[in-house]
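Here is upload13.txt, consisting of compact mmCIF, C-alpha atoms:
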# COMPACT_ATOMS: atom_id res chain seq x y z
CA MET A 29 6.90 -8.17 -67.15
CA THR A 30 5.46 -7.24 -70.50
CA ARG A 31 1.77 -7.49 -71.13
CA LEU A 32 0.71 -10.62 -72.98
CA ASP A 33 -0.75 -10.33 -76.44
CA THR A 34 -4.39 -11.30 -76.90
CA LEU A 35 -3.85 -14.77 -78.31
CA SER A 36 -1.12 -15.82 -75.87
CA ALA A 37 -3.40 -14.76 -73.02
CA LEU A 38 -6.34 -16.72 -74.46
CA ALA A 39 -4.07 -19.76 -74.82
CA GLY A 40 -3.17 -19.50 -71.14
CA LEU A 41 0.52 -18.79 -71.69
CA ASP A 42 2.59 -17.03 -69.06
CA SER A 43 5.14 -14.48 -70.21
CA ALA A 44 8.01 -16.99 -70.13
CA ALA A 45 6.13 -19.42 -72.37
CA ALA A 46 5.12 -16.60 -74.71
CA GLU A 47 8.75 -15.51 -74.94
CA ARG A 48 9.86 -19.05 -75.80
CA ALA A 49 7.20 -19.35 -78.48
CA HIS A 50 7.45 -16.03 -80.26
CA GLY A 51 10.13 -13.93 -78.65
CA HIS A 52 11.97 -14.31 -81.97
CA ARG A 53 9.09 -12.76 -83.93
CA PRO A 54 7.82 -9.59 -82.23
CA ASP A 55 6.55 -8.32 -85.60
CA VAL A 56 4.21 -11.30 -85.91
CA ILE A 57 2.57 -10.51 -82.59
CA GLU A 58 2.33 -6.82 -83.41
CA ALA A 59 0.78 -7.48 -86.84
CA ALA A 60 -1.71 -10.00 -85.46
CA GLU A 61 -2.88 -7.43 -82.91
CA ALA A 62 -2.98 -4.74 -85.59
CA SER A 63 -5.11 -7.00 -87.80
CA MET A 64 -7.64 -7.39 -85.03
CA HIS A 65 -7.83 -3.64 -84.47
CA ALA A 66 -8.14 -2.99 -88.20
CA LEU A 67 -11.12 -5.33 -88.43
CA PHE A 68 -12.97 -4.49 -85.22
CA ASP A 69 -12.17 -0.86 -84.37
CA VAL A 70 -14.57 0.87 -86.73
CA GLY A 71 -13.00 4.31 -86.95
CA ASP A 72 -14.25 7.40 -88.74
CA GLU A 73 -12.33 6.45 -91.87
CA ASP A 74 -13.61 2.88 -92.02
CA GLU A 75 -14.96 2.05 -95.49
CA ALA A 76 -17.77 -0.18 -94.13
CA PRO A 77 -19.28 1.81 -91.25
CA ASP A 78 -22.71 0.17 -91.53
CA LEU A 79 -21.11 -3.15 -90.73
CA THR A 80 -20.90 -1.97 -87.13
CA ARG A 81 -18.48 -3.07 -84.46
CA SER A 82 -21.33 -4.97 -82.79
CA LEU A 83 -22.14 -6.90 -85.92
CA ARG A 84 -18.47 -7.63 -86.56
CA LEU A 85 -18.04 -8.96 -83.02
CA LEU A 86 -21.16 -11.09 -83.37
CA PHE A 87 -19.96 -12.66 -86.63
CA ALA A 88 -16.52 -13.24 -85.12
CA ALA A 89 -18.02 -14.96 -82.09
CA ARG A 90 -20.11 -17.20 -84.34
CA ALA A 91 -17.06 -18.08 -86.46
CA ALA A 92 -15.14 -19.00 -83.30
CA ILE A 93 -17.96 -21.21 -82.02
CA VAL A 94 -18.25 -23.03 -85.33
CA ASP A 95 -14.47 -23.55 -85.34
CA GLY A 96 -14.69 -25.04 -81.83
CA ALA A 97 -12.76 -22.17 -80.23
CA LEU A 98 -14.99 -21.52 -77.24
CA GLU A 99 -12.67 -19.21 -75.31
CA LEU A 100 -12.21 -17.09 -78.43
CA ALA A 101 -15.98 -16.93 -78.88
CA GLU A 102 -16.36 -15.82 -75.27
CA PHE A 103 -13.69 -13.17 -75.82
CA TYR A 104 -15.73 -11.66 -78.66
CA LEU A 105 -19.01 -12.01 -76.78
CA GLU A 106 -17.58 -10.09 -73.85
CA LEU A 107 -16.48 -7.31 -76.18
CA LEU A 108 -19.98 -7.37 -77.67
CA ASP A 109 -21.50 -6.98 -74.21
CA GLU A 110 -19.62 -3.70 -73.91
CA GLU A 111 -21.38 -2.38 -77.02
CA GLN A 112 -24.89 -2.35 -75.57
CA ASP A 113 -25.42 1.30 -76.37
CA ASP A 114 -24.91 0.68 -80.05
CA ALA A 115 -28.42 1.38 -81.30
CA SER A 116 -27.95 0.43 -84.94
CA ARG A 117 -29.54 -2.85 -85.84
CA ALA A 118 -30.19 -3.34 -82.14
CA SER A 119 -33.10 -5.67 -82.76
CA ALA A 120 -30.88 -7.90 -84.86
CA ILE A 121 -28.31 -8.28 -82.12
CA ALA A 122 -30.61 -8.25 -79.08
CA ASP A 123 -30.36 -11.98 -78.81
CA ALA A 124 -26.72 -12.05 -79.76
CA ARG A 125 -25.74 -14.95 -77.57
CA ALA A 126 -28.48 -17.15 -79.00
CA LEU A 127 -27.50 -16.16 -82.52
CA VAL A 128 -23.87 -16.94 -81.80
CA SER A 129 -24.56 -20.33 -80.23
CA ASP A 130 -27.27 -21.52 -82.64
CA GLY A 131 -26.43 -19.71 -85.87
CA VAL A 132 -28.77 -19.32 -88.78
CA GLU A 133 -30.65 -22.54 -87.98
CA GLY A 134 -31.59 -21.42 -84.48
CA ALA A 135 -34.83 -19.85 -83.29
CA ALA A 136 -33.20 -16.46 -82.75
CA ALA A 137 -32.36 -16.19 -86.44
CA ARG A 138 -36.02 -16.45 -87.48
CA SER A 139 -36.71 -12.86 -86.49
CA CYS A 140 -33.54 -11.56 -88.15
CA THR A 141 -33.37 -9.67 -91.38
CA ARG A 142 -32.53 -11.45 -94.58
CA ALA A 143 -29.15 -9.68 -94.58
CA MET A 144 -28.39 -11.06 -91.13
CA ARG A 145 -29.43 -14.60 -92.00
CA THR A 146 -27.45 -14.58 -95.24
CA ALA A 147 -24.36 -13.37 -93.40
CA LEU A 148 -24.72 -15.95 -90.63
CA ARG A 149 -25.06 -18.69 -93.24
CA HIS A 150 -21.90 -17.41 -94.91
CA VAL A 151 -19.99 -17.45 -91.64
CA ASP A 152 -20.72 -21.13 -91.12
CA LEU A 153 -19.87 -22.03 -94.72
CA LEU A 154 -16.60 -20.15 -94.66
CA VAL A 155 -15.43 -21.74 -91.42
CA GLN A 156 -16.52 -25.29 -92.14
CA ARG A 157 -16.41 -25.81 -95.89
CA PRO A 158 -14.52 -22.96 -97.54
CA ALA A 159 -13.84 -24.95 -100.72
CA ALA A 160 -17.60 -25.33 -101.22
CA ALA A 161 -18.10 -21.56 -101.54
CA THR A 162 -19.29 -20.45 -104.97
CA SER A 163 -19.95 -17.17 -106.72
CA ASP A 164 -23.63 -17.69 -105.85
CA ASP A 165 -22.78 -17.30 -102.17
CA VAL A 166 -21.12 -13.94 -102.75
CA VAL A 167 -23.95 -12.84 -105.03
CA SER A 168 -26.42 -13.82 -102.30
CA LEU A 169 -24.68 -11.51 -99.86
CA GLY A 170 -25.03 -8.69 -102.35
CA THR A 171 -28.67 -9.43 -103.02
CA ALA A 172 -29.33 -9.48 -99.30
CA GLY A 173 -27.96 -5.96 -99.04
CA TRP A 174 -24.26 -6.27 -98.26
CA SER A 175 -21.97 -4.06 -100.33
CA ILE A 176 -18.76 -5.35 -101.87
CA THR A 177 -16.70 -3.69 -99.14
CA GLU A 178 -18.94 -5.17 -96.44
CA THR A 179 -18.61 -8.59 -98.08
CA VAL A 180 -14.82 -8.20 -97.99
CA VAL A 181 -14.86 -7.17 -94.33
CA LEU A 182 -17.17 -10.04 -93.36
CA SER A 183 -14.93 -12.51 -95.20
CA GLN A 184 -11.84 -11.02 -93.57
CA ILE A 185 -13.35 -11.29 -90.10
CA VAL A 186 -14.43 -14.91 -90.43
CA SER A 187 -11.14 -15.94 -92.02
CA PHE A 188 -9.09 -14.01 -89.47
CA VAL A 189 -10.93 -15.74 -86.62
CA THR A 190 -9.92 -19.13 -88.04
CA TYR A 191 -6.32 -17.85 -87.88
CA GLN A 192 -6.76 -16.83 -84.25
CA ALA A 193 -8.46 -20.12 -83.33
CA ARG A 194 -5.46 -22.07 -84.61
CA ILE A 195 -2.93 -19.88 -82.83
CA VAL A 196 -4.77 -20.27 -79.53
CA ALA A 197 -5.19 -24.04 -79.88
CA GLY A 198 -1.64 -24.53 -81.11
CA LEU A 199 0.00 -22.46 -78.40
CA ARG A 200 -2.03 -24.19 -75.69
CA VAL A 201 -0.90 -27.66 -76.77
CA LEU A 202 2.66 -26.41 -77.24
CA GLN A 203 2.73 -25.17 -73.68
CA GLU A 204 1.25 -28.38 -72.29
CA VAL A 205 3.84 -30.59 -73.95
CA ARG A 206 7.06 -29.28 -72.48
CA ALA A 207 10.39 -30.28 -73.95
CA MET B 29 -11.76 -32.60 -103.01
CA SER B 30 -11.57 -32.42 -106.76
CA GLY B 31 -8.86 -29.81 -106.82
CA HIS B 32 -6.24 -29.38 -109.48
CA PHE B 33 -3.02 -29.24 -107.51
CA THR B 34 0.11 -28.38 -109.41
CA MET B 35 3.37 -26.47 -109.14
CA GLU B 36 2.54 -24.73 -112.41
CA GLU B 37 1.35 -21.14 -112.42
CA ARG B 38 -2.33 -20.61 -111.67
CA ALA B 39 -4.38 -17.46 -112.06
CA TRP B 40 -7.29 -16.30 -109.91
CA HIS B 41 -10.42 -14.41 -110.91
CA ALA B 42 -12.54 -12.43 -108.45
CA TRP B 43 -16.31 -12.96 -108.31
CA ILE B 44 -16.96 -9.36 -107.36
CA GLU B 45 -15.41 -6.12 -108.52
CA ALA B 46 -11.91 -5.42 -107.27
CA ALA B 47 -10.54 -1.95 -106.64
CA ALA B 48 -8.85 -0.33 -109.63
CA PRO B 49 -6.74 2.82 -110.06
CA GLU B 50 -9.84 4.72 -111.27
CA THR B 51 -12.16 3.55 -108.49
CA ALA B 52 -9.92 3.26 -105.44
CA SER B 53 -9.30 5.95 -102.85
CA GLU B 54 -5.73 6.89 -102.05
CA ARG B 55 -5.75 4.62 -98.99
CA GLN B 56 -7.15 1.73 -101.00
CA ARG B 57 -4.60 2.20 -103.78
CA GLU B 58 -1.74 2.33 -101.31
CA ALA B 59 -2.95 -0.87 -99.64
CA TYR B 60 -2.81 -2.92 -102.83
CA GLU B 61 0.32 -1.26 -104.14
CA THR B 62 2.19 -2.26 -100.98
CA SER B 63 0.68 -5.77 -100.90
CA VAL B 64 2.50 -8.94 -101.90
CA TRP B 65 1.10 -8.82 -105.46
CA PRO B 66 0.09 -5.24 -106.42
CA ASN B 67 -1.51 -6.33 -109.71
CA SER B 68 -3.48 -9.27 -108.35
CA PRO B 69 -7.29 -9.07 -108.33
CA TYR B 70 -7.15 -10.84 -104.96
CA PHE B 71 -5.29 -8.05 -103.19
CA ARG B 72 -7.14 -5.38 -105.13
CA LEU B 73 -10.41 -6.85 -103.88
CA LEU B 74 -9.16 -6.93 -100.29
CA ALA B 75 -8.02 -3.33 -100.74
CA TRP B 76 -11.62 -2.10 -100.51
CA HIS B 77 -10.90 -2.31 -96.77
CA PRO B 78 -7.33 -1.04 -96.74
CA ALA B 79 -6.58 -1.10 -93.00
CA SER B 80 -7.17 -4.84 -92.73
CA LEU B 81 -5.23 -5.58 -95.91
CA ALA B 82 -2.27 -3.51 -94.73
CA ALA B 83 -2.11 -5.29 -91.37
CA ARG B 84 -2.53 -8.65 -93.06
CA THR B 85 0.34 -7.86 -95.45
CA ARG B 86 2.56 -7.02 -92.46
CA LEU B 87 1.66 -10.31 -90.77
CA ASP B 88 2.29 -12.27 -93.98
CA ARG B 89 5.76 -10.79 -94.33
CA ALA B 90 6.55 -11.18 -90.62
CA ILE B 91 5.69 -14.89 -90.70
CA PHE B 92 7.25 -15.83 -94.03
CA LEU B 93 9.83 -13.28 -95.19
CA THR B 94 11.91 -13.28 -92.03
CA ARG B 95 15.09 -15.05 -91.00
CA GLY B 96 15.75 -17.15 -87.92
CA GLY B 97 13.40 -19.69 -86.35
CA LEU B 98 12.04 -22.47 -88.54
CA PRO B 99 13.77 -22.64 -91.95
CA ARG B 100 11.81 -20.85 -94.67
CA GLY B 101 11.36 -24.09 -96.62
CA ASP B 102 9.53 -25.65 -93.67
CA ARG B 103 7.32 -22.58 -93.25
CA GLU B 104 6.47 -22.77 -96.95
CA LEU B 105 5.80 -26.49 -96.58
CA ALA B 106 3.29 -25.68 -93.85
CA ALA B 107 1.62 -23.13 -96.13
CA THR B 108 1.43 -25.72 -98.91
CA VAL B 109 -0.04 -28.42 -96.67
CA ALA B 110 -2.70 -26.05 -95.34
CA SER B 111 -3.58 -24.94 -98.88
CA ARG B 112 -3.73 -28.55 -100.10
CA VAL B 113 -6.03 -29.58 -97.22
CA ASN B 114 -8.27 -26.53 -97.59
CA GLY B 115 -8.39 -26.99 -101.34
CA CYS B 116 -6.85 -23.67 -102.43
CA GLU B 117 -5.20 -24.38 -105.79
CA LEU B 118 -3.53 -21.04 -106.32
CA CYS B 119 -2.05 -20.85 -102.81
CA ALA B 120 -0.89 -24.46 -103.10
CA SER B 121 0.86 -23.81 -106.42
CA VAL B 122 2.61 -20.65 -105.25
CA HIS B 123 3.83 -22.12 -101.96
CA ALA B 124 4.73 -25.47 -103.50
CA ARG B 125 7.17 -23.58 -105.71
CA PHE B 126 8.56 -21.69 -102.72
CA THR B 127 8.89 -24.93 -100.75
CA ALA B 128 10.81 -26.59 -103.57
CA THR B 129 13.06 -23.53 -103.94
CA PHE B 130 13.93 -23.24 -100.27
CA SER B 131 13.97 -26.91 -99.23
CA LYS B 132 15.56 -28.19 -102.48
CA ASP B 133 13.18 -31.12 -102.16
CA GLU B 134 10.76 -31.07 -105.05
CA ALA B 135 9.86 -34.76 -104.68
CA THR B 136 8.27 -34.17 -101.28
CA VAL B 137 6.23 -31.25 -102.58
CA LEU B 138 5.02 -33.16 -105.62
CA ARG B 139 3.99 -36.10 -103.46
CA LEU B 140 2.06 -33.74 -101.20
CA LEU B 141 0.27 -32.08 -104.11
CA GLN B 142 -0.58 -35.33 -105.86
CA GLN B 143 -1.34 -37.65 -102.93
CA GLY B 144 -2.22 -35.26 -100.12
CA PRO B 145 -1.00 -35.17 -96.52
CA GLU B 146 -1.68 -38.88 -95.92
CA ALA B 147 1.16 -39.89 -98.24
CA ASP B 148 4.46 -41.19 -96.84
CA PHE B 149 7.03 -38.54 -96.00
CA ALA B 150 10.49 -38.61 -94.44
CA ASP B 151 10.61 -38.04 -90.66
CA ARG B 152 10.99 -34.27 -90.49
CA ALA B 153 8.61 -33.46 -93.33
CA GLY B 154 6.22 -36.13 -92.07
CA ALA B 155 5.98 -34.59 -88.61
CA ILE B 156 5.33 -31.15 -90.09
CA VAL B 157 2.79 -32.40 -92.65
CA SER B 158 0.80 -34.33 -90.02
CA ALA B 159 0.73 -31.47 -87.55
CA VAL B 160 -0.24 -28.89 -90.17
CA ALA B 161 -2.92 -31.09 -91.72
CA ALA B 162 -4.56 -31.64 -88.32
CA LEU B 163 -4.42 -27.99 -87.27
CA THR B 164 -5.78 -26.97 -90.65
CA ARG B 165 -8.76 -29.32 -90.42
CA SER B 166 -9.74 -28.17 -86.95
CA PRO B 167 -8.02 -26.40 -84.07
CA SER B 168 -9.08 -29.21 -81.73
CA ALA B 169 -7.55 -31.88 -84.01
CA PHE B 170 -4.07 -30.60 -83.13
CA GLY B 171 -2.86 -32.66 -80.18
CA ALA B 172 0.03 -33.45 -77.89
CA HIS B 173 1.28 -36.22 -80.19
CA HIS B 174 1.78 -33.67 -82.96
CA VAL B 175 3.95 -31.50 -80.71
CA ARG B 176 5.90 -34.53 -79.48
CA ALA B 177 6.56 -35.65 -83.05
CA LEU B 178 7.80 -32.17 -83.96
CA ARG B 179 10.10 -32.12 -80.92
CA ASP B 180 11.37 -35.60 -81.84
CA VAL B 181 12.58 -34.33 -85.22
CA GLY B 182 14.40 -31.44 -83.56
CA LEU B 183 11.99 -28.51 -83.51
CA ASP B 184 12.05 -26.24 -80.45
CA ASP B 185 9.28 -23.99 -79.13
CA ALA B 186 10.14 -21.16 -81.51
CA ASP B 187 10.17 -23.54 -84.50
CA ILE B 188 6.84 -25.10 -83.53
CA SER B 189 5.36 -21.65 -83.01
CA ASP B 190 6.45 -20.86 -86.59
CA VAL B 191 4.68 -24.02 -87.82
CA ILE B 192 1.53 -22.88 -86.01
CA GLN B 193 1.75 -19.34 -87.40
CA ALA B 194 2.33 -20.48 -90.99
CA THR B 195 -0.56 -22.95 -90.75
CA ALA B 196 -2.95 -20.49 -89.13
CA PHE B 197 -2.12 -17.75 -91.61
CA PHE B 198 -3.23 -20.03 -94.42
CA ALA B 199 -6.47 -20.90 -92.67
CA TRP B 200 -7.10 -17.18 -93.18
CA ALA B 201 -5.60 -16.70 -96.65
CA ASN B 202 -7.15 -19.84 -98.16
CA ARG B 203 -10.63 -18.92 -96.93
CA LEU B 204 -10.45 -15.49 -98.52
CA MET B 205 -9.21 -16.85 -101.81
CA LEU B 206 -11.72 -19.73 -101.88
CA SER B 207 -14.74 -17.58 -101.09
CA LEU B 208 -14.14 -14.43 -103.14
CA GLY B 209 -13.12 -15.91 -106.48
CA SER B 210 -11.87 -19.02 -108.20
CA PRO B 211 -8.63 -20.37 -109.69
CA ALA B 212 -8.20 -20.38 -113.44
CA ALA B 213 -5.76 -21.47 -116.10
CA PRO B 214 -3.63 -18.41 -116.89
CA GLY B 215 -4.75 -16.33 -119.85
CA ALA B 216 -3.56 -13.15 -121.52
CA ALA B 217 -5.54 -10.99 -119.10
CA ASP B 218 -3.66 -12.48 -116.15
CA GLU B 219 -0.18 -11.41 -117.30
CA ASP B 220 0.23 -8.55 -114.81
CA ALA B 221 -0.89 -10.67 -111.87
CA LEU B 222 1.34 -13.55 -112.91
CA GLY B 223 4.21 -11.10 -113.28
CA ASP B 224 3.96 -10.46 -109.54
CA GLN B 225 4.15 -14.19 -108.82
CA ARG B 226 7.17 -14.52 -111.11
CA ALA B 227 8.93 -11.59 -109.48
CA ASN B 228 8.54 -13.21 -106.06
CA ASP B 229 9.71 -16.57 -107.43
CA ALA B 230 12.80 -14.84 -108.81
CA ILE B 231 13.56 -13.15 -105.49
CA ALA B 232 13.21 -16.51 -103.71
CA ALA B 233 15.51 -18.24 -106.20
CA GLU B 234 18.27 -15.69 -105.50
CA ARG B 235 18.39 -16.27 -101.75

Please express what this file holds, its structure, as structure tokens.
Amino acid sequence: MTRLDTLSALAGLDSAAAERAHGHRPDVIEAAEASMHALFDVGDEDEAPDLTRSLRLLFAARAAIVDGALELAEFYLELLDEEQDDASRASAIADARALVSDGVEGAAARSCTRAMRTALRHVDLLVQRPAAATSDDVVSLGTAGWSITETVVLSQIVSFVTYQARIVAGLRVLQEVRA
Amino acid sequence: MSGHFTMEERAWHAWIEAAAPETASERQREAYETSVWPNSPYFRLLAWHPASLAARTRLDRAIFLTRGGLPRGDRELAATVASRVNGCELCASVHARFTATFSKDEATVLRLLQQGPEADFADRAGAIVSAVAALTRSPSAFGAHHVRALRDVGLDDADISDVIQATAFFAWANRLMLSLGSPAAPGAADEDALGDQRANDAIAAER
């Protein structure tokens, strides 16, 4: 039995159901996994090293929560738990679970940096009302301290999570409604 | 949504600086040169983080530029519905043209662009449009009745999985395009980027 890909596992598929759904497109599964690694495995060559793996996981978890994908949020939170020794911006992520569940409006965000609050606000906007985004929102990220590359990575992460949330939800319903 | 939805060509302008031959590293240059539109400011902006753009380009091609499974026209229809619901004018225009090319059904695409997903559609298109619109709005809005309706018009698990993939990919693509720049009427400065769109249209028309 082959190992299930991340999203099939989160959707609760067994290997037979996964084979029925995407056995005809192995490249799709491979590229979806590769996209996740490209965004969250911050290697030596990564162009946005200060946007740490911990921060990326935190923003991903928040995006998943806002999109109503609770199991996906938990997946990212568990990965974040494994990053406890990441000292950078530790104070900002100390209360990660509260930040993820309550977002920029919650009490935990009050003690965050402006950069953190601006990013959290952008996560919610991008998930919920992407067509309402304006150049001001991107400029705000820059003013708050995020570089262009970091802004691109943040946008990629949030947008990618909305992809994952729809795959998980879609596959779960597909499996429940058998032919 | 006060969008301008059309099958005509649309340009897109980035709100922040995109990578350029003079400013990009070798990895960054390679990422946009191997993307779907090498001259587009959209892909050149994403190229600042080349690893994620490269993987995203692979996923794009694996979902849309492959044979078997759901017919390409239906996958493009899903992309168009998602873009229409999310409000992404450029994505909607590009994939409306692909849908019309592959499905040979321009009337359905025009109705979708002009009236949105609530308009009346024939059975097969209607089942796809409803399912995609719901999944686009919210993952939890996609329900058993959508899957049943897709099965009723003849889609199997692999086909429905393709509907889900095409829809989900445009949740991602639309958000990037909507939040990093804005659509524009094509001008002289957009010729290179539009050339990429035209080249892909020409390839599609030959299939």

With a distance threshold of 8 Å and counting all atoms listed in the file, extract the residues of chain B near chain A and express them as a CSV table (one decimal) with C-alpha atoms, in the coordinates of the input.
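That gives us iface14.csv:
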chain,number,residue,atom,x,y,z
B,43,TRP,CA,-16.3,-13.0,-108.3
B,44,ILE,CA,-17.0,-9.4,-107.4
B,45,GLU,CA,-15.4,-6.1,-108.5
B,73,LEU,CA,-10.4,-6.8,-103.9
B,74,LEU,CA,-9.2,-6.9,-100.3
B,76,TRP,CA,-11.6,-2.1,-100.5
B,77,HIS,CA,-10.9,-2.3,-96.8
B,79,ALA,CA,-6.6,-1.1,-93.0
B,80,SER,CA,-7.2,-4.8,-92.7
B,83,ALA,CA,-2.1,-5.3,-91.4
B,84,ARG,CA,-2.5,-8.6,-93.1
B,86,ARG,CA,2.6,-7.0,-92.5
B,87,LEU,CA,1.7,-10.3,-90.8
B,90,ALA,CA,6.6,-11.2,-90.6
B,91,ILE,CA,5.7,-14.9,-90.7
B,96,GLY,CA,15.8,-17.2,-87.9
B,97,GLY,CA,13.4,-19.7,-86.4
B,114,ASN,CA,-8.3,-26.5,-97.6
B,115,GLY,CA,-8.4,-27.0,-101.3
B,116,CYS,CA,-6.8,-23.7,-102.4
B,163,LEU,CA,-4.4,-28.0,-87.3
B,164,THR,CA,-5.8,-27.0,-90.6
B,166,SER,CA,-9.7,-28.2,-87.0
B,167,PRO,CA,-8.0,-26.4,-84.1
B,168,SER,CA,-9.1,-29.2,-81.7
B,170,PHE,CA,-4.1,-30.6,-83.1
B,171,GLY,CA,-2.9,-32.7,-80.2
B,172,ALA,CA,0.0,-33.4,-77.9
B,175,VAL,CA,4.0,-31.5,-80.7
B,176,ARG,CA,5.9,-34.5,-79.5
B,179,ARG,CA,10.1,-32.1,-80.9
B,184,ASP,CA,12.0,-26.2,-80.4
B,185,ASP,CA,9.3,-24.0,-79.1
B,186,ALA,CA,10.1,-21.2,-81.5
B,187,ASP,CA,10.2,-23.5,-84.5
B,188,ILE,CA,6.8,-25.1,-83.5
B,189,SER,CA,5.4,-21.6,-83.0
B,192,ILE,CA,1.5,-22.9,-86.0
B,193,GLN,CA,1.8,-19.3,-87.4
B,195,THR,CA,-0.6,-23.0,-90.8
B,196,ALA,CA,-3.0,-20.5,-89.1
B,197,PHE,CA,-2.1,-17.8,-91.6
B,198,PHE,CA,-3.2,-20.0,-94.4
B,199,ALA,CA,-6.5,-20.9,-92.7
B,200,TRP,CA,-7.1,-17.2,-93.2
B,201,ALA,CA,-5.6,-16.7,-96.6
B,203,ARG,CA,-10.6,-18.9,-96.9
B,204,LEU,CA,-10.4,-15.5,-98.5
B,206,LEU,CA,-11.7,-19.7,-101.9
B,207,SER,CA,-14.7,-17.6,-101.1
B,208,LEU,CA,-14.1,-14.4,-103.1
B,209,GLY,CA,-13.1,-15.9,-106.5

Could you tell me which of A:Ala143, A:Leu35, A:Leu148, A:Leu108 comes closest to Arg90 (chain A) if we count all atoms listed in the file?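 Closest to Arg90 (chain A), using all atoms listed in the file: A:Leu148.
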
Within 12 Å of (10.0, -20.5, -94.1), in the coordinates the file gives, what residues turn up when you count all atoms listed in the file, written out as a ChimeraX atom specification? /B:88-108,123-124,126-131,187-188,190-195,232

Counting only C-alpha atoms, which residues of region 59-167 of chain A sit at most 10 Å from some atom of region 38-42 of chain A, and what is each one's closest atom pair with its distance in Å to one decimal, listed by chain and rising residue number, as CSV?
residue,atom,partner,partner_atom,distance
A:Glu99,CA,A:Leu38,CA,6.9
A:Leu100,CA,A:Leu38,CA,7.1
A:Phe103,CA,A:Leu38,CA,8.3

CA of Glu234 (chain B) to CA of Thr85 (chain B) measures 22.0 Å

Coordinates-based distance that separates CA of Glu110 (chain A) from CA of Arg84 (chain A) (Å, one decimal): 13.3 Å

How far is it from CA of Gln142 (chain B) to CA of Ala169 (chain B), in Å with one decimal?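 Between these atoms lies a distance of 23.2 Å.
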
Near Glu37 (chain B), within 9 Å and counting all atoms listed in the file, which residues show up once chain neighbours fewer than 6 positions away are dropped, as a ChimeraX atom specification? /B:118,121-122,213-214,222,225-226

With all atoms listed in the file as the counted atoms, please give the residues lying no more than 12 Å from Ala221 (chain B), apart from itself and same-chain residues fewer than 5 positions off, as a PyMOL selection string. chain B and resi 37-41+64-72+214-216+226-228

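Restricting the calculation to all atoms listed in the file, the smallest distance between Met205 (chain B) and any of B:Glu117, B:Glu134, B:Glu219, B:Asp148 is found for B:Glu117.
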
From the list A:Thr146, A:Ser168, A:Leu98, A:Glu111, which residue is nearest Ser129 (chain A) when using all atoms listed in the file?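 Checking each of A:Thr146, A:Ser168, A:Leu98, A:Glu111 against Ser129 (chain A), counting all atoms listed in the file, the winner is A:Leu98.
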
Among the residues B:Leu178, B:Arg55, B:Val109, B:Thr136, the one that comes closest to Ala150 (chain B) [using only C-alpha atoms]: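 Closest residue, counting only C-alpha atoms: B:Thr136.
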